[in-house]
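Student: Hey, dropping work36.txt in here, compact mmCIF, C-alpha atoms:
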# COMPACT_ATOMS: atom_id res chain seq x y z
CA MET A 190 -192.05 154.09 145.38
CA ALA A 191 -192.78 155.84 142.10
CA THR A 192 -196.18 156.32 140.64
CA HIS A 193 -197.17 158.91 138.10
CA PRO A 194 -200.30 161.02 137.88
CA LEU A 195 -200.20 161.29 134.09
CA VAL A 196 -198.85 157.92 132.93
CA PRO A 197 -200.93 154.77 133.51
CA GLY A 198 -199.35 152.09 135.66
CA GLU A 199 -198.91 150.66 139.10
CA PRO A 200 -196.46 152.30 141.52
CA THR A 201 -192.94 150.91 141.21
CA LYS A 202 -192.28 148.06 143.61
CA THR A 203 -189.54 148.39 146.22
CA SER A 204 -187.43 145.50 144.88
CA THR A 205 -186.95 147.40 141.66
CA THR A 206 -186.03 150.69 143.25
CA MET A 207 -183.31 149.03 145.35
CA LEU A 208 -181.85 147.58 142.18
CA GLU A 209 -181.92 150.92 140.48
CA THR A 210 -179.85 152.58 143.19
CA ALA A 211 -177.28 149.78 142.98
CA THR A 212 -176.94 149.88 139.22
CA ALA A 213 -176.64 153.66 138.96
CA ALA A 214 -173.65 153.60 141.30
CA VAL A 215 -171.48 151.26 139.21
CA GLN A 216 -172.55 151.86 135.64
CA LYS A 217 -171.09 154.29 133.17
CA PHE A 218 -173.48 157.15 132.42
CA GLY A 219 -171.16 159.11 130.14
CA PRO A 220 -173.65 160.82 127.83
CA ILE A 221 -176.04 161.63 130.69
CA ASN A 222 -173.21 163.17 132.71
CA ALA A 223 -172.48 165.40 129.74
CA ILE A 224 -175.89 167.06 130.01
CA HIS A 225 -175.20 170.37 131.66
CA GLN A 226 -177.88 172.87 130.74
CA HIS A 227 -181.60 173.33 131.22
CA LEU A 228 -183.53 175.59 128.88
CA CYS A 229 -187.22 176.31 128.88
CA ALA A 230 -188.71 177.24 125.53
CA PHE A 231 -192.00 177.14 123.68
CA HIS A 232 -192.71 174.97 120.67
CA PHE A 233 -195.71 174.69 118.41
CA TYR A 234 -196.77 171.79 116.22
CA GLY A 235 -195.39 171.56 112.69
CA ASN A 236 -198.77 172.08 111.12
CA ASP A 237 -200.64 173.97 113.81
CA MET A 238 -199.34 177.17 115.37
CA THR A 239 -202.36 177.27 117.68
CA ARG A 240 -201.09 174.25 119.63
CA GLN A 241 -198.22 175.43 121.80
CA VAL A 242 -196.31 173.58 124.51
CA GLU A 243 -193.78 174.49 127.16
CA ALA A 244 -190.68 172.43 126.40
CA HIS A 245 -187.89 171.82 128.91
CA HIS A 246 -184.62 171.08 127.14
CA PHE A 247 -181.75 169.32 128.86
CA CYS A 248 -178.75 169.83 126.65
CA GLY A 249 -175.20 168.62 126.22
CA HIS A 250 -172.59 169.90 123.79
CA GLN A 251 -171.29 167.52 121.16
CA ASN A 252 -168.91 170.30 120.17
CA GLU A 253 -168.98 174.09 120.07
CA GLU A 254 -171.43 174.11 117.20
CA MET A 255 -173.79 171.29 118.00
CA ARG A 256 -175.97 170.47 120.99
CA GLN A 257 -178.25 167.51 121.59
CA CYS A 258 -181.22 167.93 123.92
CA LEU A 259 -183.71 165.73 125.69
CA ILE A 260 -187.08 167.48 125.89
CA TYR A 261 -189.37 167.04 128.87
CA ASP A 262 -192.79 168.44 129.70
CA SER A 263 -191.62 169.79 133.07
CA PRO A 264 -188.42 170.24 135.09
CA GLU A 265 -189.60 167.90 137.84
CA ALA A 266 -188.46 164.39 138.76
CA ASP A 267 -191.61 162.86 137.23
CA ALA A 268 -191.27 164.78 133.96
CA ARG A 269 -192.19 162.91 130.79
CA LEU A 270 -189.55 162.59 128.09
CA ILE A 271 -191.48 163.89 125.10
CA GLY A 272 -188.85 164.48 122.47
CA ILE A 273 -185.43 165.30 121.14
CA GLU A 274 -183.94 168.45 119.70
CA TYR A 275 -180.63 169.03 118.02
CA ILE A 276 -179.29 172.58 117.95
CA VAL A 277 -176.62 173.65 115.46
CA SER A 278 -174.75 176.83 114.71
CA GLU A 279 -175.65 178.90 111.69
CA ASN A 280 -172.45 177.68 109.99
CA LEU A 281 -173.36 174.01 110.44
CA PHE A 282 -176.94 174.67 109.34
CA MET A 283 -175.60 176.08 106.08
CA THR A 284 -173.82 172.80 105.34
CA LEU A 285 -177.10 170.86 105.33
CA PRO A 286 -178.71 169.91 102.02
CA ASP A 287 -181.66 172.18 101.15
CA ALA A 288 -184.16 169.35 101.52
CA GLU A 289 -182.90 168.92 105.06
CA LYS A 290 -182.94 172.59 106.04
CA ARG A 291 -186.71 172.79 105.92
CA LEU A 292 -186.99 170.06 108.56
CA TRP A 293 -185.03 171.77 111.23
CA HIS A 294 -186.65 171.95 114.38
CA SER A 295 -187.34 169.11 116.76
CA HIS A 296 -189.33 165.90 117.18
CA GLU A 297 -191.85 165.56 120.01
CA TYR A 298 -194.90 163.75 121.29
CA GLU A 299 -198.29 165.37 121.63
CA VAL A 300 -198.74 165.70 125.35
CA ASP A 301 -201.01 168.72 125.07
CA ARG A 302 -203.80 166.50 123.74
CA GLY A 303 -203.89 164.90 127.15
CA ASP A 304 -202.32 161.67 125.89
CA ASN A 305 -201.09 159.70 128.85
CA LEU A 306 -198.99 157.40 126.66
CA PRO A 307 -196.70 158.32 123.76
CA LEU A 308 -199.02 157.16 120.98
CA GLY A 309 -198.54 157.48 117.25
CA LEU A 310 -195.70 159.14 115.41
CA PRO A 311 -193.27 161.81 116.56
CA GLN A 312 -194.26 165.24 115.27
CA ILE A 313 -191.99 167.95 113.95
CA MET A 314 -192.09 170.98 116.22
CA MET A 315 -191.22 174.55 115.47
CA ALA A 316 -190.15 177.51 117.51
CA LEU A 317 -191.50 181.00 117.81
CA THR A 318 -190.25 183.40 115.19
CA ARG A 319 -192.02 186.64 115.96
CA ASP A 320 -194.04 188.52 118.58
CA GLY A 321 -197.67 187.67 118.76
CA GLN A 322 -197.27 183.94 118.18
CA LEU A 323 -197.06 182.82 121.81
CA TYR A 324 -200.31 182.65 123.76
CA SER A 325 -200.04 185.14 126.59
CA HIS A 326 -201.40 182.72 129.20
CA LEU A 327 -198.54 180.31 128.48
CA ALA A 328 -196.04 183.12 128.83
CA SER A 329 -197.46 184.37 132.12
CA ASP A 330 -197.67 180.81 133.50
CA VAL A 331 -193.95 180.36 132.91
CA GLU A 332 -193.15 183.78 134.31
CA LYS A 333 -195.02 182.95 137.51
CA LYS A 334 -193.71 179.40 137.88
CA TYR A 335 -190.05 180.19 137.41
CA ASN A 336 -190.05 183.77 138.61
CA VAL A 337 -188.74 185.26 135.38
CA ASN A 338 -189.72 188.34 133.45
CA PHE A 339 -189.66 188.14 129.66
CA GLU A 340 -189.61 191.89 129.13
CA LYS A 341 -186.56 192.27 131.35
CA GLU A 342 -184.84 189.30 129.67
CA ARG A 343 -185.48 190.88 126.30
CA GLU A 344 -183.71 194.05 127.51
CA ASN A 345 -180.82 192.00 128.92
CA ARG A 346 -180.41 190.26 125.57
CA ALA A 347 -180.67 193.34 123.39
CA TYR A 348 -176.91 193.12 122.77
CA MET A 349 -177.24 189.77 120.99
CA LYS A 350 -176.66 189.99 117.27
CA GLY A 351 -178.64 187.04 116.01
CA LEU A 352 -178.02 185.20 112.79
CA GLU A 353 -175.37 186.72 110.58
CA HIS A 354 -177.47 186.07 107.49
CA GLY A 355 -180.91 186.34 109.04
CA ILE A 356 -183.33 183.45 109.25
CA HIS A 357 -182.62 181.17 106.31
CA PRO A 358 -185.60 181.12 103.97
CA LEU A 359 -185.64 177.31 103.92
CA ALA A 360 -185.71 176.94 107.70
CA ASN A 361 -189.02 176.48 109.50
CA ALA A 362 -190.31 174.63 106.43
CA GLU A 363 -190.34 177.90 104.47
CA GLY A 364 -193.37 178.98 106.46
CA LYS A 365 -195.49 176.02 105.47
CA GLY A 366 -196.64 173.28 107.81
CA LEU A 367 -195.04 169.86 108.28
CA ARG A 368 -196.71 166.63 109.28
CA THR A 369 -195.37 163.07 109.69
CA GLU A 370 -197.02 160.06 108.03
CA LEU A 371 -196.44 156.33 108.28
CA ARG A 372 -195.81 154.15 105.24
CA GLU A 373 -195.33 150.38 105.04
CA VAL A 374 -192.14 149.29 103.25
CA ASP A 375 -190.15 146.14 102.54
CA CYS A 376 -187.85 145.39 105.43
CA ASN A 377 -185.01 143.86 103.43
CA GLY A 378 -184.54 140.66 105.24
CA GLY A 379 -187.97 140.07 106.62
CA ALA A 380 -188.86 136.42 106.21
CA GLY A 381 -192.04 137.24 104.32
CA ALA A 382 -195.54 136.53 105.47
CA HIS A 383 -195.66 133.38 107.45
CA SER A 384 -197.10 132.63 110.80
CA THR A 385 -194.93 131.57 113.67
CA PRO A 386 -196.32 130.11 116.84
CA ARG A 387 -196.04 132.85 119.41
CA VAL A 388 -196.83 130.92 122.57
CA PHE A 389 -194.09 130.52 125.16
CA VAL A 390 -194.29 127.93 127.90
CA MET B 132 -165.85 178.70 109.32
CA ALA B 133 -167.08 175.34 110.49
CA SER B 134 -164.89 172.34 109.97
CA THR B 135 -166.74 169.27 108.90
CA VAL B 136 -165.13 167.03 111.44
CA GLY B 137 -165.40 167.62 115.17
CA ARG B 138 -164.69 165.63 118.26
CA GLU B 139 -163.07 162.33 117.19
CA GLY B 140 -164.50 162.84 113.74
CA LYS B 141 -168.00 161.73 114.71
CA THR B 142 -170.01 164.94 114.80
CA ALA B 143 -169.69 167.86 112.38
CA GLY B 144 -168.60 171.16 113.96
CA GLU B 145 -165.71 172.87 115.71
CA GLY B 146 -164.41 171.46 118.97
CA MET B 147 -165.24 173.24 122.23
CA THR B 148 -163.06 176.02 123.59
CA MET B 149 -161.94 176.18 127.22
CA LYS B 150 -164.37 179.07 127.73
CA GLU B 151 -167.26 176.88 126.63
CA HIS B 152 -166.19 174.14 129.02
CA VAL B 153 -166.09 176.57 131.94
CA ILE B 154 -169.50 178.02 131.12
CA GLU B 155 -170.89 174.48 130.88
CA LYS B 156 -169.61 173.64 134.33
CA GLY B 157 -170.92 176.86 135.84
CA ALA B 158 -174.39 176.35 134.43
CA GLU B 159 -174.43 172.77 135.61
CA MET B 160 -173.68 173.80 139.17
CA MET B 161 -176.46 176.37 139.32
CA GLN B 162 -179.34 174.51 137.72
CA SER B 163 -181.17 171.57 139.21
CA MET B 164 -181.39 168.85 136.60
CA LYS B 165 -184.04 166.67 138.19
CA PRO B 166 -185.41 164.80 135.15
CA ILE B 167 -181.88 163.80 134.09
CA LYS B 168 -181.06 162.43 137.53
CA GLN B 169 -183.86 159.89 137.20
CA PHE B 170 -182.04 157.62 134.75
CA SER B 171 -181.18 154.61 136.86
CA GLN B 172 -180.03 151.90 134.44
CA HIS B 173 -177.64 151.68 131.54
CA VAL B 174 -178.63 148.94 129.12
CA CYS B 175 -176.53 147.84 126.15
CA THR B 176 -178.46 145.97 123.47
CA PHE B 177 -179.08 145.90 119.71
CA ALA B 178 -181.70 147.28 117.36
CA LEU B 179 -182.54 146.91 113.68
CA TYR B 180 -184.02 149.47 111.28
CA SER B 181 -187.58 148.31 110.56
CA GLN B 182 -187.27 149.50 106.97
CA ASP B 183 -183.95 147.68 106.44
CA MET B 184 -183.20 144.87 108.81
CA ASN B 185 -179.72 144.41 107.38
CA ARG B 186 -178.84 147.62 109.22
CA GLN B 187 -178.22 146.77 112.85
CA ILE B 188 -176.82 148.91 115.63
CA GLU B 189 -175.46 148.52 119.14
CA THR B 190 -177.48 150.80 121.41
CA HIS B 191 -176.99 152.32 124.85
CA HIS B 192 -180.26 152.95 126.62
CA PHE B 193 -180.46 155.04 129.77
CA VAL B 194 -183.67 153.96 131.43
CA HIS B 195 -185.99 155.97 133.68
CA ARG B 196 -188.74 153.86 135.19
CA LEU B 197 -191.77 156.10 135.89
CA ASN B 198 -193.85 153.30 137.41
CA GLU B 199 -194.29 149.54 137.34
CA ASP B 200 -195.65 149.64 133.77
CA PHE B 201 -193.75 152.39 131.97
CA CYS B 202 -190.15 153.39 131.25
CA GLN B 203 -188.71 156.15 129.09
CA CYS B 204 -185.22 155.80 127.62
CA ALA B 205 -182.68 158.18 126.10
CA VAL B 206 -180.72 156.16 123.54
CA TYR B 207 -177.08 156.81 122.61
CA ASP B 208 -174.48 155.15 120.40
CA THR B 209 -171.96 154.61 123.24
CA ASP B 210 -171.73 154.99 127.01
CA ASN B 211 -168.87 157.45 126.61
CA ARG B 212 -169.29 161.10 127.47
CA ASP B 213 -169.29 162.03 123.79
CA GLY B 214 -172.04 159.54 122.96
CA ARG B 215 -174.39 160.76 120.26
CA LEU B 216 -178.08 160.97 121.12
CA ILE B 217 -179.64 158.72 118.50
CA GLY B 218 -183.21 158.37 119.71
CA VAL B 219 -185.89 157.70 122.30
CA GLU B 220 -187.48 154.42 123.34
CA TYR B 221 -190.61 153.95 125.41
CA ILE B 222 -191.14 150.66 127.25
CA ILE B 223 -194.54 149.44 128.44
CA SER B 224 -195.78 146.38 130.29
CA ASP B 225 -197.80 143.74 128.48
CA ARG B 226 -200.82 144.87 130.44
CA ILE B 227 -200.64 148.38 128.97
CA PHE B 228 -199.76 147.02 125.51
CA GLU B 229 -202.84 144.81 125.34
CA ALA B 230 -205.03 147.89 125.86
CA LEU B 231 -203.55 149.79 122.89
CA PRO B 232 -205.44 150.12 119.60
CA LEU B 233 -204.26 147.81 116.80
CA GLU B 234 -202.86 150.67 114.73
CA GLU B 235 -200.62 151.61 117.64
CA GLN B 236 -199.55 148.05 118.52
CA LYS B 237 -197.91 147.50 115.14
CA LEU B 238 -195.30 150.17 115.94
CA TRP B 239 -194.02 148.23 118.98
CA HIS B 240 -191.56 145.34 119.38
CA SER B 241 -191.25 142.62 122.03
CA HIS B 242 -188.23 142.31 124.39
CA PHE B 243 -188.38 138.71 125.55
CA PHE B 244 -186.00 137.23 122.98
CA GLU B 245 -183.29 139.84 123.29
CA ILE B 246 -183.26 139.57 127.08
CA LYS B 247 -183.39 135.80 127.17
CA SER B 248 -180.63 135.43 124.60
CA GLY B 249 -178.24 137.70 126.51
CA LEU B 250 -178.19 140.42 123.86
CA TRP B 251 -179.61 142.89 126.37
CA VAL B 252 -177.17 143.50 129.22
CA ASN B 253 -176.53 145.94 132.07
CA PRO B 254 -172.76 146.44 131.80
CA ARG B 255 -170.85 146.10 135.07
CA VAL B 256 -173.88 144.90 137.01
CA PRO B 257 -173.91 141.33 138.36
CA GLU B 258 -176.69 139.20 136.86
CA ALA B 259 -178.17 138.50 140.29
CA VAL B 260 -178.64 142.23 140.92
CA ALA B 261 -180.12 142.83 137.47
CA LYS B 262 -182.48 139.87 137.61
CA PRO B 263 -185.65 141.38 139.17
CA GLU B 264 -185.65 144.17 136.61
CA LEU B 265 -184.87 141.75 133.73
CA ASP B 266 -187.80 139.57 134.76
CA LYS B 267 -190.04 142.59 134.51
CA LEU B 268 -188.59 143.92 131.24
CA ALA B 269 -188.79 140.51 129.55
CA LYS B 270 -192.55 140.94 129.55
CA THR B 271 -192.53 144.43 128.01
CA TYR B 272 -192.87 145.96 124.57
CA GLY B 273 -190.86 148.90 123.22
CA LYS B 274 -191.28 151.66 120.65
CA PHE B 275 -187.95 153.08 119.51
CA TRP B 276 -187.54 156.07 117.18
CA CYS B 277 -184.03 156.66 115.86
CA THR B 278 -183.35 160.28 114.95
CA TRP B 279 -179.64 160.11 114.04
CA GLN B 280 -178.42 157.41 111.63
CA THR B 281 -174.82 157.28 112.79
CA ASP B 282 -174.40 153.76 111.40
CA ARG B 283 -174.44 155.12 107.85
CA GLY B 284 -171.88 157.77 108.76
CA ASP B 285 -174.13 160.82 109.19
CA LEU B 286 -172.15 163.54 110.94
CA LEU B 287 -175.39 165.36 111.78
CA PRO B 288 -178.89 164.03 112.45
CA ILE B 289 -180.59 164.41 109.08
CA GLY B 290 -183.77 163.04 107.58
CA GLU B 291 -186.93 161.74 109.12
CA PRO B 292 -187.05 159.56 112.26
CA SER B 293 -186.76 155.77 111.74
CA LEU B 294 -188.87 153.18 113.52
CA MET B 295 -186.57 150.52 114.96
CA THR B 296 -187.26 146.92 115.88
CA SER B 297 -185.71 144.38 118.22
CA PRO B 298 -183.61 141.26 117.53
CA LEU B 299 -185.61 138.04 117.31
CA GLY B 300 -184.76 134.39 116.83
CA GLU B 301 -185.86 134.29 113.19
CA VAL B 302 -183.01 134.56 110.66
CA ALA B 303 -183.78 138.10 109.54
CA GLY B 304 -183.90 139.27 113.13
CA ASN B 305 -180.59 137.74 114.16
CA VAL B 306 -177.83 140.08 115.27
CA LYS B 307 -174.80 139.68 113.00
CA ALA B 308 -171.98 137.81 114.69
CA PRO B 309 -169.22 140.45 114.29
CA LEU B 310 -171.43 143.13 115.83
CA LEU B 311 -172.23 140.95 118.81
CA GLN B 312 -168.64 139.83 119.23
CA GLN B 313 -167.37 143.41 119.22
CA ARG B 314 -169.81 144.34 122.00
CA ASP B 315 -169.03 141.27 124.09
CA GLU B 316 -165.30 141.86 123.83
CA LYS B 317 -165.67 145.49 124.83
CA TYR B 318 -167.33 144.53 128.12
CA GLY B 319 -165.52 141.24 128.64
CA ILE B 320 -168.78 139.27 128.61
CA SER B 321 -170.26 136.33 126.75
CA SER B 322 -173.85 136.68 125.58
CA THR B 323 -174.18 132.91 125.27
CA LYS B 324 -173.07 132.36 128.87
CA ILE B 325 -175.44 135.10 130.02
CA SER B 326 -178.23 133.48 128.04
CA ASP B 327 -177.56 130.15 129.78
CA SER B 328 -177.96 131.86 133.13
CA ARG B 329 -181.29 133.38 132.07
CA VAL B 330 -183.00 130.07 131.39
CA ASP B 331 -185.72 130.74 133.94
CA ILE B 332 -186.68 134.21 132.71
CA THR B 333 -190.18 134.14 131.24
CA GLY B 334 -191.88 136.40 128.76
CA PRO B 335 -195.51 137.46 128.54
CA ALA B 336 -198.01 134.56 128.57
CA LEU B 337 -198.48 135.21 124.87
CA ILE B 338 -196.42 137.66 122.81
CA ASN B 339 -199.07 139.69 121.05
CA PRO B 340 -198.94 138.90 117.30
CA ASN B 341 -199.60 142.56 116.48
CA ALA B 342 -196.15 143.49 117.78
CA ASP B 343 -192.99 142.72 115.76
CA TYR B 344 -194.91 143.57 112.60
CA TRP B 345 -192.25 142.23 110.21
CA ILE B 346 -192.67 138.66 111.44
CA LYS B 347 -196.19 138.29 110.08
CA HIS B 348 -196.09 140.80 107.27
CA GLY B 349 -192.50 140.93 106.04
CA LYS B 350 -192.79 144.72 106.11
CA GLY B 351 -191.35 147.59 108.11
CA PHE B 352 -192.31 151.22 108.36
CA ALA B 353 -190.93 154.47 107.02
CA ILE B 354 -191.87 157.97 108.08
CA ASP B 355 -192.57 160.64 105.49
CA ILE B 356 -192.49 164.30 106.38
CA VAL B 357 -195.06 165.98 104.19
CA THR B 358 -195.87 169.61 103.60
CA ALA B 359 -199.22 170.53 105.06
CA GLU B 360 -201.33 173.59 105.58
CA MET B 361 -200.08 175.52 108.60
CA LYS B 362 -202.78 176.68 110.96
CA LYS B 363 -201.50 180.13 111.91
CA ILE B 364 -201.92 182.98 114.32
CA THR B 365 -199.44 185.35 112.70
CA PRO B 366 -197.30 185.17 109.53
CA LEU B 367 -194.47 182.60 109.71
CA PRO B 368 -191.61 183.15 110.09
Any chance you could put this one into structure tokens?

Tutor:
Amino acid sequence: MATHPLVPGEPTKTSTTMLETATAAVQKFGPINAIHQHLCAFHFYGNDMTRQVEAHHFCGHQNEEMRQCLIYDSPEADARLIGIEYIVSENLFMTLPDAEKRLWHSHEYEVDRGDNLPLGLPQIMMALTRDGQLYSHLASDVEKKYNVNFEKERENRAYMKGLEHGIHPLANAEGKGLRTELREVDCNGGAGAHSTPRVFV
Amino acid sequence: MASTVGREGKTAGEGMTMKEHVIEKGAEMMQSMKPIKQFSQHVCTFALYSQDMNRQIETHHFVHRLNEDFCQCAVYDTDNRDGRLIGVEYIISDRIFEALPLEEQKLWHSHFFEIKSGLWVNPRVPEAVAKPELDKLAKTYGKFWCTWQTDRGDLLPIGEPSLMTSPLGEVAGNVKAPLLQQRDEKYGISSTKISDSRVDITGPALINPNADYWIKHGKGFAIDIVTAEMKKITPLP
């Protein structure tokens, strides 16, 4: 039986869980089976560095230069799928049009507001780019939970070279904030305003 | 230097080396991947871009049911291992939907038609086994954001996310015959036969008129990403 402390809803009924075991055994889960890596990172909102979230990435390689990640709010079985991130090599990033470069980070839902449903629009998230941005309580929470030490990891990674050309000036929205907005548009095929009876018997 | 064409020409970037494959496998063995192991259903169905309903795609949803009223789905363009991650869909019961504010409801689409008409299938699963879950899902609403427009040939996920909508019986919402036929042939199924067998599946008592926005308003939605003031703690970057 599955219920969820953070998402509204009744516990899952047994008849459904039996089905789910049966289907998982025979169906083809190709793309899910290709997910091989779990990363924990911190993101902040595209227009508000003061709102920071712990983001658990589950990543699969499309090729050597491109990864696609599902982002969850925890590494547990009841984790909420809050967003998507695509990760590309510096070389691939350079091939993007300039207008596109400024958008690169990821899209996520705002779970830190205490939303228990994924309301509204996906937000653009950004990653930390220098010391002093990450709230220390978030860092120490992660260190405790997963028994890691950031200082030691930093030493272990001192050999890493980083970007050949440094952080591209257009990345991270050139240091400005980004926000998503909704706009109504023609849907190219919509039947136009008319009312259709919506009752089913 | 990056090539522009990678694995099977579908994603930009160099193919993976043997070393990368080995590291992948090693990491996989050491880490527990609990959230990923919760996907229990593969669904193949169709979706339309809300801002251009002539653009229709075959989708592969991997569904994780969190409770009786809520599912979260990772959506791909095939069920092959090299499937491209094209978006996320959330599925909620009619009970939860009715409690949403109006502004939120207009972003969601109904599922009854696409399930009843056999567009929505669980490949390789007998109908009888799928039925209890289909009964439940037929009464749900979904919100699907597409982040990679592979149907227009993008080799990388560029641009803003697109709000998608579901097939409906009205002309504009019909799935184009060649697209449907290609899917049916791939799995050796017939959507019309499946639809016949689903005659007793029922939808919500009343499909909320605030869902499927295009039906009443003839309009879809686009997302704009706008520059805004950044509330900062330190300089960025």

Student: Which polymer residues, whether protein, DNA or RNA, lie within 7 Å of the coordinate (-198.7, 154.8, 134.1) when you count only C-alpha atoms? List them as a list in words, using the chain letters and numbers from the file.

Tutor: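 Taken together, the residues in range are His193, Leu195, Val196, Pro197, Gly198 and Glu199 of chain A; Asn198, Asp200 and Phe201 of chain B.
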
Student: Kindly extract all protein, DNA and RNA residues lying within 12 Å of the coordinates (-168.4, 139.6, 117.7) given in the file, considering all atoms listed in the file, and supply them as a count of residues only.

Tutor: 20

Student: What separation in Å, quoted to one decimal, exists between CA of Trp239 in chain B and CA of Leu371 in chain A?

Tutor: 13.6 Å

Student: Nearest to chain A: which of B:Met184, B:Ala178, B:Ala259, B:Ile222 is it, counting all atoms listed in the file?

Tutor: B:Met184

Student: Work out how far apart CA of Phe177 in chain B and CA of Asn253 in chain B are and give it in Å to one decimal.

Tutor: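 Separation between CA of Phe177 in chain B and CA of Asn253 in chain B: 12.6 Å.
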
Student: What gap, in Å, lies between CA of Glu243 in chain A and CA of Ala230 in chain A?

Tutor: 6.0 Å

Student: Between B:Val219, B:Ala230, B:Leu286, B:Ala261, which has the minimum distance to Leu281 in chain A (counting only C-alpha atoms)?

Tutor: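 Distance minimum relative to Leu281 in chain A lands on B:Leu286.
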
Student: Taking all atoms listed in the file into account, name the residue in B:Leu268, B:Val260, B:Val194, B:Cys175 that is nearest to chain A.

Tutor: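 Smallest distance to chain A is found for B:Val260.
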
Student: B:Ala269, B:Phe193, B:Ser181, B:Arg212: which is nearest Ala353 in chain B, counting all atoms listed in the file?

Tutor: B:Ser181

Student: Env of Asp282 in chain B: 10 Å cut, atoms = only C-alpha atoms, seq-sep filter 6 positions within chain, self excluded. Answer as a PyMOL selection string.

Tutor: chain B and resi 186-189+208
